[in-house]
Structures are given as structure tokens and as C-alpha cells.
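Below is target28.cif, holding mmCIF, C-alpha atoms.
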```cif
data_protein
loop_
_atom_site.label_atom_id
_atom_site.label_comp_id
_atom_site.auth_asym_id
_atom_site.auth_seq_id
_atom_site.Cartn_x
_atom_site.Cartn_y
_atom_site.Cartn_z
CA MET A 23 -156.18 65.55 -64.77
CA ARG A 24 -156.95 67.74 -67.78
CA VAL A 25 -153.94 69.55 -69.25
CA ALA A 26 -153.47 71.90 -72.19
CA ILE A 27 -150.62 73.72 -73.93
CA TYR A 28 -151.93 77.15 -74.94
CA GLY A 29 -149.89 78.66 -77.74
CA ALA A 30 -148.52 75.35 -79.01
CA GLY A 31 -145.99 76.62 -81.54
CA SER A 32 -142.60 74.99 -82.07
CA LEU A 33 -141.74 74.47 -78.39
CA GLY A 34 -145.27 73.53 -77.36
CA THR A 35 -145.79 71.13 -80.24
CA ILE A 36 -142.57 69.25 -79.48
CA LEU A 37 -143.29 69.16 -75.73
CA GLY A 38 -146.85 67.98 -76.42
CA ALA A 39 -145.55 65.28 -78.76
CA TYR A 40 -143.15 63.98 -76.10
CA ILE A 41 -145.81 64.00 -73.37
CA THR A 42 -148.32 62.20 -75.60
CA LYS A 43 -145.65 59.73 -76.69
CA GLY A 44 -145.01 59.09 -73.00
CA GLY A 45 -148.57 57.92 -72.54
CA GLU A 46 -150.15 61.05 -71.02
CA LYS A 47 -153.11 63.06 -72.33
CA ILE A 48 -152.51 66.68 -73.27
CA GLU A 49 -154.35 69.09 -75.57
CA LEU A 50 -152.45 71.38 -77.96
CA ILE A 51 -154.14 74.73 -78.64
CA ASN A 52 -153.00 77.20 -81.29
CA ARG A 53 -154.61 80.04 -83.28
CA ASN A 54 -152.86 78.94 -86.50
CA LYS A 55 -155.58 76.93 -88.25
CA ALA A 56 -153.19 75.44 -90.81
CA HIS A 57 -150.89 74.21 -88.04
CA VAL A 58 -153.80 72.75 -86.07
CA GLU A 59 -155.21 71.01 -89.14
CA ALA A 60 -151.81 69.48 -89.90
CA LEU A 61 -151.51 68.26 -86.31
CA GLN A 62 -154.98 66.74 -86.49
CA THR A 63 -154.45 64.96 -89.82
CA LYS A 64 -150.73 64.10 -89.84
CA GLY A 65 -149.70 64.32 -86.21
CA ALA A 66 -146.83 66.32 -84.74
CA GLN A 67 -143.78 65.83 -86.98
CA VAL A 68 -140.60 66.39 -84.97
CA VAL A 69 -137.43 66.79 -87.03
CA GLY A 70 -133.89 67.99 -86.38
CA THR A 71 -131.71 66.45 -83.69
CA VAL A 72 -134.43 63.82 -83.11
CA GLN A 73 -137.05 62.59 -85.56
CA PHE A 74 -140.46 61.07 -84.91
CA THR A 75 -144.14 61.63 -85.70
CA GLN A 76 -146.72 61.50 -82.93
CA PRO A 77 -150.54 61.72 -83.19
CA VAL A 78 -151.77 64.49 -80.87
CA VAL A 79 -155.00 66.18 -79.80
CA ALA A 80 -155.07 69.72 -81.23
CA TYR A 81 -157.58 72.50 -81.82
CA THR A 82 -158.02 76.28 -81.92
CA PRO A 83 -158.90 78.56 -78.94
CA ALA A 84 -162.43 78.93 -80.33
CA GLU A 85 -162.96 75.22 -79.66
CA MET A 86 -161.93 75.35 -75.98
CA SER A 87 -164.48 74.30 -73.38
CA GLY A 88 -164.65 73.21 -69.76
CA LYS A 89 -162.00 73.56 -67.08
CA TYR A 90 -158.33 72.57 -67.02
CA ASP A 91 -156.27 71.51 -64.03
CA VAL A 92 -153.05 72.69 -65.69
CA ILE A 93 -152.45 75.08 -68.59
CA PHE A 94 -148.96 75.49 -70.02
CA LEU A 95 -148.72 79.06 -71.37
CA MET A 96 -146.44 79.43 -74.39
CA THR A 97 -147.73 82.57 -76.11
CA LYS A 98 -145.73 85.78 -76.52
CA GLN A 99 -145.90 88.19 -73.60
CA GLN A 100 -147.18 91.24 -75.47
CA HIS A 101 -150.81 90.28 -74.80
CA ASN A 102 -150.43 88.55 -71.43
CA ALA A 103 -153.02 90.68 -69.65
CA GLU A 104 -155.86 89.77 -72.02
CA VAL A 105 -154.72 86.18 -72.68
CA VAL A 106 -154.37 85.28 -68.99
CA GLU A 107 -157.67 87.00 -68.17
CA MET A 108 -159.32 84.82 -70.85
CA LEU A 109 -157.61 81.63 -69.62
CA LYS A 110 -158.74 82.39 -66.07
CA GLY A 111 -162.20 81.29 -67.12
CA TYR A 112 -160.87 77.90 -68.24
CA LEU A 113 -158.62 77.22 -65.23
CA ALA A 114 -159.96 75.18 -62.30
CA GLU A 115 -160.13 76.99 -58.96
CA ASP A 116 -157.23 74.91 -57.66
CA GLY A 117 -155.54 74.74 -61.07
CA ALA A 118 -152.11 75.93 -62.12
CA LEU A 119 -150.98 78.06 -65.03
CA VAL A 120 -147.37 77.26 -65.90
CA THR A 121 -145.65 79.98 -67.87
CA PHE A 122 -142.87 79.00 -70.28
CA GLN A 123 -142.40 82.57 -71.44
CA ASN A 124 -139.18 84.55 -71.62
CA GLY A 125 -138.29 87.38 -69.28
CA LEU A 126 -139.97 87.77 -65.89
CA PRO A 127 -143.72 87.21 -66.51
CA GLU A 128 -144.84 85.55 -63.26
CA VAL A 129 -145.48 88.72 -61.23
CA GLN A 130 -147.94 90.16 -63.77
CA ILE A 131 -149.72 86.82 -64.15
CA ALA A 132 -149.97 86.39 -60.37
CA GLU A 133 -151.79 89.73 -60.15
CA ILE A 134 -154.54 88.21 -62.32
CA LEU A 135 -154.69 84.64 -61.02
CA GLY A 136 -153.16 84.78 -57.55
CA ALA A 137 -149.61 83.64 -56.77
CA GLU A 138 -150.57 80.12 -55.67
CA ARG A 139 -152.03 79.36 -59.10
CA VAL A 140 -148.85 80.36 -60.96
CA LEU A 141 -145.84 78.15 -61.67
CA GLY A 142 -142.86 79.12 -63.80
CA CYS A 143 -140.74 76.98 -66.08
CA THR A 144 -137.62 77.73 -68.09
CA VAL A 145 -136.39 75.46 -70.87
CA ALA A 146 -132.78 74.90 -71.85
CA TRP A 147 -133.54 73.77 -75.41
CA GLY A 148 -134.84 75.41 -78.56
CA ALA A 149 -137.03 74.70 -81.54
CA THR A 150 -138.12 76.23 -84.84
CA MET A 151 -141.37 75.90 -86.79
CA GLN A 152 -140.60 74.50 -90.24
CA GLY A 153 -144.19 74.50 -91.48
CA PRO A 154 -147.70 73.46 -90.42
CA GLY A 155 -147.32 70.49 -88.09
CA VAL A 156 -143.55 70.26 -88.60
CA CYS A 157 -141.22 71.50 -85.84
CA GLU A 158 -137.45 71.24 -85.68
CA LEU A 159 -135.70 70.48 -82.40
CA THR A 160 -132.49 72.50 -82.69
CA SER A 161 -130.81 71.52 -79.42
CA ALA A 162 -128.88 68.33 -78.71
CA PRO A 163 -130.94 65.44 -77.26
CA ASP A 164 -128.86 65.50 -74.05
CA ALA A 165 -129.74 69.19 -73.54
CA LEU A 166 -133.47 68.61 -73.01
CA SER A 167 -134.00 69.99 -69.53
CA PHE A 168 -136.40 72.18 -67.57
CA SER A 169 -136.24 74.29 -64.43
CA LEU A 170 -139.51 74.43 -62.51
CA GLY A 171 -140.42 76.71 -59.64
CA ALA A 172 -143.06 78.81 -57.92
CA ILE A 173 -143.25 82.41 -56.80
CA SER A 174 -145.48 81.48 -53.85
CA PRO A 175 -144.01 79.64 -50.83
CA ASN A 176 -147.09 77.42 -51.03
CA ARG A 177 -146.66 75.47 -54.25
CA ASN A 178 -149.77 74.61 -56.22
CA LYS A 179 -151.19 71.12 -55.55
CA HIS A 180 -150.39 70.09 -59.15
CA PHE A 181 -146.67 70.89 -58.87
CA GLU A 182 -145.51 67.25 -58.75
CA ALA A 183 -147.89 66.27 -61.57
CA VAL A 184 -146.47 69.08 -63.74
CA LYS A 185 -142.96 67.88 -62.97
CA ALA A 186 -143.89 64.32 -63.98
CA LEU A 187 -145.33 65.53 -67.29
CA LEU A 188 -142.17 67.46 -68.15
CA GLU A 189 -140.06 64.44 -67.29
CA LYS A 190 -141.64 62.67 -70.27
CA MET A 191 -139.30 64.84 -72.34
CA GLY A 192 -136.26 65.59 -70.19
CA THR A 193 -134.81 66.20 -66.75
CA VAL A 194 -136.52 68.67 -64.41
CA ASP A 195 -134.65 70.73 -61.83
CA VAL A 196 -136.87 72.04 -59.03
CA GLU A 197 -135.71 75.54 -58.14
CA ASP A 198 -136.19 77.16 -54.75
CA ASN A 199 -134.52 80.34 -56.04
CA PHE A 200 -136.77 80.60 -59.07
CA ILE A 201 -136.04 84.29 -59.69
CA GLY A 202 -132.37 83.29 -60.02
CA THR A 203 -133.39 80.62 -62.52
CA ARG A 204 -135.40 83.17 -64.47
CA TRP A 205 -132.35 85.40 -64.66
CA SER A 206 -130.09 82.59 -65.89
CA LYS A 207 -132.49 82.04 -68.81
CA LEU A 208 -132.90 85.80 -69.31
CA LEU A 209 -129.12 86.15 -69.50
CA ILE A 210 -128.98 83.58 -72.32
CA ASN A 211 -131.90 85.15 -74.15
CA ALA A 212 -130.62 88.71 -73.81
CA SER A 213 -127.18 87.80 -75.11
CA PHE A 214 -127.63 85.03 -77.66
CA SER A 215 -131.27 85.63 -78.71
CA GLY A 216 -130.67 89.37 -78.80
CA MET A 217 -127.68 89.03 -81.11
CA SER A 218 -129.35 86.31 -83.20
CA ALA A 219 -132.15 88.79 -83.95
CA VAL A 220 -129.80 91.74 -84.50
CA LEU A 221 -127.48 89.83 -86.84
CA GLY A 222 -129.97 87.46 -88.52
CA CYS A 223 -128.14 84.27 -87.53
CA THR A 224 -128.08 81.26 -85.20
CA PHE A 225 -126.67 81.29 -81.67
CA GLY A 226 -123.53 79.53 -82.87
CA GLU A 227 -123.01 82.01 -85.69
CA ALA A 228 -123.34 84.91 -83.24
CA ALA A 229 -120.77 83.36 -80.90
CA ALA A 230 -118.16 82.41 -83.50
CA PRO A 231 -116.72 85.68 -84.96
CA ARG A 232 -114.69 87.74 -82.53
CA ALA A 233 -116.56 90.98 -83.33
CA SER A 234 -120.02 89.64 -82.51
CA ARG A 235 -118.76 87.49 -79.62
CA ARG A 236 -117.42 90.65 -78.01
CA ILE A 237 -120.97 92.05 -77.92
CA VAL A 238 -122.40 88.75 -76.64
CA GLN A 239 -119.83 88.83 -73.84
CA ALA A 240 -120.73 92.42 -72.96
CA LEU A 241 -124.44 91.55 -72.83
CA ILE A 242 -123.72 88.62 -70.51
CA LYS A 243 -121.58 90.82 -68.27
CA GLU A 244 -124.37 93.42 -67.98
CA CYS A 245 -126.84 90.75 -66.87
CA ILE A 246 -124.40 89.47 -64.24
CA ASP A 247 -123.68 92.99 -63.01
CA VAL A 248 -127.33 94.06 -62.63
CA CYS A 249 -128.12 90.89 -60.69
CA ALA A 250 -125.14 91.49 -58.41
CA ALA A 251 -126.33 95.06 -57.85
CA GLY A 252 -129.84 93.83 -57.03
CA GLY A 253 -128.76 90.96 -54.77
CA ILE A 254 -130.02 88.25 -57.14
CA ARG A 255 -128.12 84.96 -57.23
CA ILE A 256 -128.12 83.59 -60.79
CA GLU A 257 -128.73 79.83 -60.78
CA PRO A 258 -126.64 77.32 -62.79
CA VAL A 259 -127.91 76.08 -66.17
CA GLN A 260 -127.71 72.30 -66.70
CA GLY A 261 -125.23 72.10 -63.83
CA LYS A 262 -122.98 74.85 -65.19
CA ASP A 263 -122.37 77.95 -63.04
CA ILE A 264 -122.74 80.75 -65.60
CA VAL A 265 -121.34 83.43 -63.31
CA LYS A 266 -118.28 81.39 -62.35
CA LEU A 267 -117.58 80.55 -65.99
CA LEU A 268 -118.30 83.87 -67.70
CA ASP A 269 -117.97 86.73 -65.19
CA TYR A 270 -114.68 88.60 -65.01
CA LYS A 271 -112.92 91.34 -63.13
CA SER A 272 -109.47 90.99 -64.71
CA GLY A 273 -108.09 90.91 -68.23
CA ILE A 274 -107.07 87.25 -67.90
CA LYS A 275 -110.51 86.14 -66.70
CA LYS A 276 -112.12 88.21 -69.46
CA ALA A 277 -109.99 86.39 -72.06
CA ILE A 278 -110.96 83.01 -70.58
CA SER A 279 -114.65 84.01 -70.61
CA PHE A 280 -114.33 85.10 -74.25
CA PHE A 281 -112.79 81.73 -75.16
CA ILE A 282 -115.50 79.76 -73.33
CA ILE A 283 -118.55 81.43 -74.94
CA PRO A 284 -118.68 79.33 -78.19
CA ILE A 285 -118.09 76.17 -76.16
CA ALA A 286 -120.81 77.06 -73.67
CA ILE A 287 -123.42 77.45 -76.44
CA ARG A 288 -122.24 74.45 -78.50
CA LYS A 289 -125.27 72.24 -77.79
CA HIS A 290 -127.59 75.04 -78.91
CA ALA A 291 -125.47 76.39 -81.78
CA LYS A 292 -128.18 75.72 -84.39
CA LEU A 293 -130.86 77.57 -82.46
CA LYS A 294 -132.39 80.63 -84.12
CA ALA A 295 -133.96 83.15 -81.75
CA SER A 296 -137.74 83.29 -81.57
CA MET A 297 -137.33 87.07 -81.93
CA LEU A 298 -135.63 86.52 -85.28
CA GLN A 299 -138.39 84.11 -86.31
CA ASP A 300 -140.93 86.82 -85.42
CA ILE A 301 -139.03 89.38 -87.50
CA GLU A 302 -138.99 87.00 -90.47
CA LYS A 303 -142.77 86.65 -90.16
CA GLY A 304 -143.29 90.41 -89.95
CA LYS A 305 -144.34 90.25 -86.28
CA LEU A 306 -143.31 92.41 -83.34
CA THR A 307 -140.78 90.80 -81.01
CA GLU A 308 -140.54 90.34 -77.24
CA VAL A 309 -137.38 92.43 -77.02
CA ASP A 310 -138.90 94.73 -74.37
CA ALA A 311 -139.49 91.67 -72.15
CA ILE A 312 -135.97 90.32 -72.76
CA ASN A 313 -133.19 92.90 -73.27
CA GLY A 314 -135.65 95.58 -72.18
CA ALA A 315 -136.17 93.74 -68.88
CA VAL A 316 -132.41 93.80 -68.25
CA SER A 317 -132.31 97.53 -69.01
CA ALA A 318 -135.30 98.23 -66.76
CA TYR A 319 -133.80 96.35 -63.83
CA GLY A 320 -130.46 98.05 -64.44
CA ARG A 321 -132.17 101.43 -64.10
CA LYS A 322 -133.85 100.25 -60.90
CA VAL A 323 -130.59 99.20 -59.23
CA GLY A 324 -128.44 101.95 -60.76
CA CYS A 325 -126.38 99.73 -63.05
CA PRO A 326 -125.79 100.95 -66.65
CA THR A 327 -126.77 98.57 -69.47
CA PRO A 328 -125.64 100.31 -72.70
CA MET A 329 -125.34 97.11 -74.76
CA ASN A 330 -128.81 95.83 -73.85
CA ASP A 331 -130.17 99.33 -74.48
CA LYS A 332 -128.61 99.21 -77.94
CA VAL A 333 -130.08 95.78 -78.75
CA VAL A 334 -133.55 97.10 -77.87
CA GLU A 335 -132.98 100.14 -80.07
CA ILE A 336 -131.73 98.09 -83.05
CA ILE A 337 -134.50 95.50 -82.88
CA HIS A 338 -137.19 98.18 -82.69
CA SER A 339 -135.59 99.79 -85.76
CA ILE A 340 -135.74 96.42 -87.53
CA GLU A 341 -139.41 96.07 -86.59
CA GLN A 342 -140.05 99.53 -88.06
CA GLY A 343 -138.31 98.62 -91.33
CA LYS A 344 -135.44 101.05 -90.78
CA LEU A 345 -132.87 98.23 -90.49
CA THR A 346 -132.64 94.55 -91.41
CA PRO A 347 -131.03 91.73 -89.41
CA SER A 348 -127.42 91.71 -90.57
CA PHE A 349 -123.83 91.54 -89.36
CA ASP A 350 -123.61 95.10 -90.68
CA ASN A 351 -125.45 96.08 -87.48
CA LEU A 352 -122.30 95.37 -85.46
CA LYS A 353 -121.04 98.85 -86.34
CA LEU A 354 -123.98 100.31 -84.40
CA PHE A 355 -122.42 99.07 -81.15
CA GLU A 356 -119.21 101.02 -81.68
#
```

Translate this file's structure into C-alpha cells.
Amino acid sequence: MRVAIYGAGSLGTILGAYITKGGEKIELINRNKAHVEALQTKGAQVVGTVQFTQPVVAYTPAEMSGKYDVIFLMTKQQHNAEVVEMLKGYLAEDGALVTFQNGLPEVQIAEILGAERVLGCTVAWGATMQGPGVCELTSAPDALSFSLGAISPNRNKHFEAVKALLEKMGTVDVEDNFIGTRWSKLLINASFSGMSAVLGCTFGEAAAPRASRRIVQALIKECIDVCAAGGIRIEPVQGKDIVKLLDYKSGIKKAISFFIIPIAIRKHAKLKASMLQDIEKGKLTEVDAINGAVSAYGRKVGCPTPMNDKVVEIIHSIEQGKLTPSFDNLKLFE
């Protein structure tokens, strides 16, 4: 079976290193020539909560050829239409494209490839690019897990093979309610990634002060409320029922939820949002596919999302150079 990771940045490089270390063949593809050259000459250097160096196969998109049975898609969503249309020519007729993207990308991709060729995966760990070929794993080693699912009732023939590849790195939960799994990851991204980008800090730093934690809690509550309004059941994350832990309808439960938030994110406290990393590199973010997706669904089901709306507004202002990531931005939520 021929497998590639397209868009092998921090997450893809670490996943590829684990899979290769586990004895399987996988090709890492990235447009960053300096990163690819470092991978080719020095191997994938994984630092942070684990440390190892692993020789890998890596090259740029211009060097792609032939057909793949499985392609893991790890690019940003802004250019999905053109990227997936291009990858269609490299995917075997019975192949599977597995999206690791944030938000709810599977429906758009299925319109290009067909639903039976699309699998979705969410990850419960984070990583940061430190430099060409060097990627930092920022989550605890016991938090390395995946949730894998399909949007078609007829799973692609490579489903079990994809699961086995991911298990070279961590545990894999197979999700029948994959849309609920998508929303559990979207909830985390909208709240913690959104505030990480707005404030210019890690997840743990966003959850610690009471002022910023109050906004994180409100963002979580909006995600729970829009899903309830739309009849979506949010799936647990790493065995933890997010709704049971963090939803509230009384002052006492709200206080308990507020207390739990820093504990709930403890294993990922050092994680810095990919949106913040994009801002630091002068790139546009995926905020419209994250907090914007919550707002859009809220409008669809008639559930207000003022906090997510505000995160979208602030991050677009940061992208335009009108604001900078800072705790000073908390006043904009008042």
C-alpha cells in the first residue's frame, strides 16, 4: 500500500516519524523546501514531551508521481477546493483521502471525491514547528490519540489499514457518530485555539486567569448550545464526556465547570494554536472554518453565538494589522 502525508508540517512530520519508526512506509510531502531538505538530510527531529530522530522519505509536491492508496491531508482549509482537485489525480480509484483538518471539511471534500473515498480523523494532541525538520510535540505522551470515522455508511476498503497506521503512534477510537466527534474537536479549537490566537498565548495560559477563562467557558457553552439546538450529540474526548463536565444550567454547575477548565486542558497546556502560529508567520488563519463554523451553524439553528462572532472579528482584525495578539484584547469581549 502506498501512503502519503500531504502538508506534512508539525503534526504530519511527527505522525510520519512515528509511522516510519513503527516499520511502515509513508511519504511526507510539503511545499517548504527548507523543511523537506532538512528531513531528507537529518531526518525528522521530534522534540518536546518525547525526543527522537527518525529518517523519513520526504519531498515537495512538484516531485509527486503515480497513485496513492491513502493520502493523509494536513493542509489548511482555505485552498481545499484546488488542493483536493489536484490530489484527485494522485489518488487510486479505490483509495481514501483522510482529512486531519479542523472544522467540518468532509462534506466539501466528498463533493469532489465522492463520500466513499473520504475518511475523517481528529487528533487529541498538538505540535509546533521549531525549524526546518524540527517539530515539538506539545502534548503529554499519554494524550496521543485519534478518532477515526467516515461520512459514508460504506467505509472505504482501506479503513482498517489507516487505523493500523495511526496505531503506530497512539490509540484510535473508531467513531460511528463522526459528526459528533468533529464537533468535540471543533469545541476545543473554537475555545482554546481561538483564545490562544486572540491573546497570543498557550492553551494553559488562556485557561489560567479568571478573565480569559470566563471567555473560554462562554465559547465552550456556545458550542454545546448550538449542537443541542441542531440535534448533534457531541462525542467524548479521550473517554471524557465534555458536555457532562462543562455544560451548565445553574450557577453551581457553572462554577464547577469554570473550576474544571484548567484541569481539563492540563495535558495540552503547552500547546500553541496553529492559528497563532499562522499569525506569527504573517499568514491568514483558519478562523472562518473554526469559530466561524460555530457561528454559521448557530445562525442555521437559530442559536446566538456572540463570543465566537467576536473571536472571528478580533482575529480578522489581527490579520489586517489593526490589532496584535494580546491579553489587552480581553476588553473587546466586554

Selection result of the PyMOL selection byres ((chain A and resi 309) around 9) on this file, as JSON, numbers by chain: {"A": [212, 216, 297, 306, 307, 308, 310, 311, 312, 313, 314, 315, 333, 334, 337, 338]}

Would you kindly return, as a ChimeraX atom specification, each protein, DNA or RNA residue with an atom no farther than 7 Å from any atom of A:Thr121, considering all atoms listed in the file and excluding same-chain residues fewer than 6 positions away? /A:94-96,141-143

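Closest approach to A:Ile237 among A:Ser161, A:Asn351, A:Asn199, A:Gln99: A:Asn351, based on all atoms listed in the file.
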
Taking the file as I've supplied it (selection: the PyMOL selection byres ((chain A and resi 238) around 10)), which residues are included? Please answer as an mmCIF file with C-alpha atoms, in the frame of the given file.
```
data_model
loop_
_atom_site.group_PDB
_atom_site.id
_atom_site.type_symbol
_atom_site.label_atom_id
_atom_site.label_comp_id
_atom_site.auth_asym_id
_atom_site.auth_seq_id
_atom_site.Cartn_x
_atom_site.Cartn_y
_atom_site.Cartn_z
ATOM 1 C CA ILE A 210 -128.980 83.580 -72.320
ATOM 2 C CA ALA A 212 -130.620 88.710 -73.810
ATOM 3 C CA SER A 213 -127.180 87.800 -75.110
ATOM 4 C CA PHE A 214 -127.630 85.030 -77.660
ATOM 5 C CA SER A 215 -131.270 85.630 -78.710
ATOM 6 C CA GLY A 216 -130.670 89.370 -78.800
ATOM 7 C CA MET A 217 -127.680 89.030 -81.110
ATOM 8 C CA SER A 218 -129.350 86.310 -83.200
ATOM 9 C CA PHE A 225 -126.670 81.290 -81.670
ATOM 10 C CA ALA A 228 -123.340 84.910 -83.240
ATOM 11 C CA ALA A 229 -120.770 83.360 -80.900
ATOM 12 C CA ARG A 232 -114.690 87.740 -82.530
ATOM 13 C CA ALA A 233 -116.560 90.980 -83.330
ATOM 14 C CA SER A 234 -120.020 89.640 -82.510
ATOM 15 C CA ARG A 235 -118.760 87.490 -79.620
ATOM 16 C CA ARG A 236 -117.420 90.650 -78.010
ATOM 17 C CA ILE A 237 -120.970 92.050 -77.920
ATOM 18 C CA GLN A 239 -119.830 88.830 -73.840
ATOM 19 C CA ALA A 240 -120.730 92.420 -72.960
ATOM 20 C CA LEU A 241 -124.440 91.550 -72.830
ATOM 21 C CA ILE A 242 -123.720 88.620 -70.510
ATOM 22 C CA LYS A 243 -121.580 90.820 -68.270
ATOM 23 C CA PHE A 280 -114.330 85.100 -74.250
ATOM 24 C CA ILE A 283 -118.550 81.430 -74.940
ATOM 25 C CA MET A 329 -125.340 97.110 -74.760
ATOM 26 C CA ASN A 330 -128.810 95.830 -73.850
#
```

Carefully work through the PyMOL selection byres ((chain A and resi 248) around 7) for this structure and note down the residues it includes, as a PyMOL selection string. chain A and resi 244-247+249-252+319-320+323+325
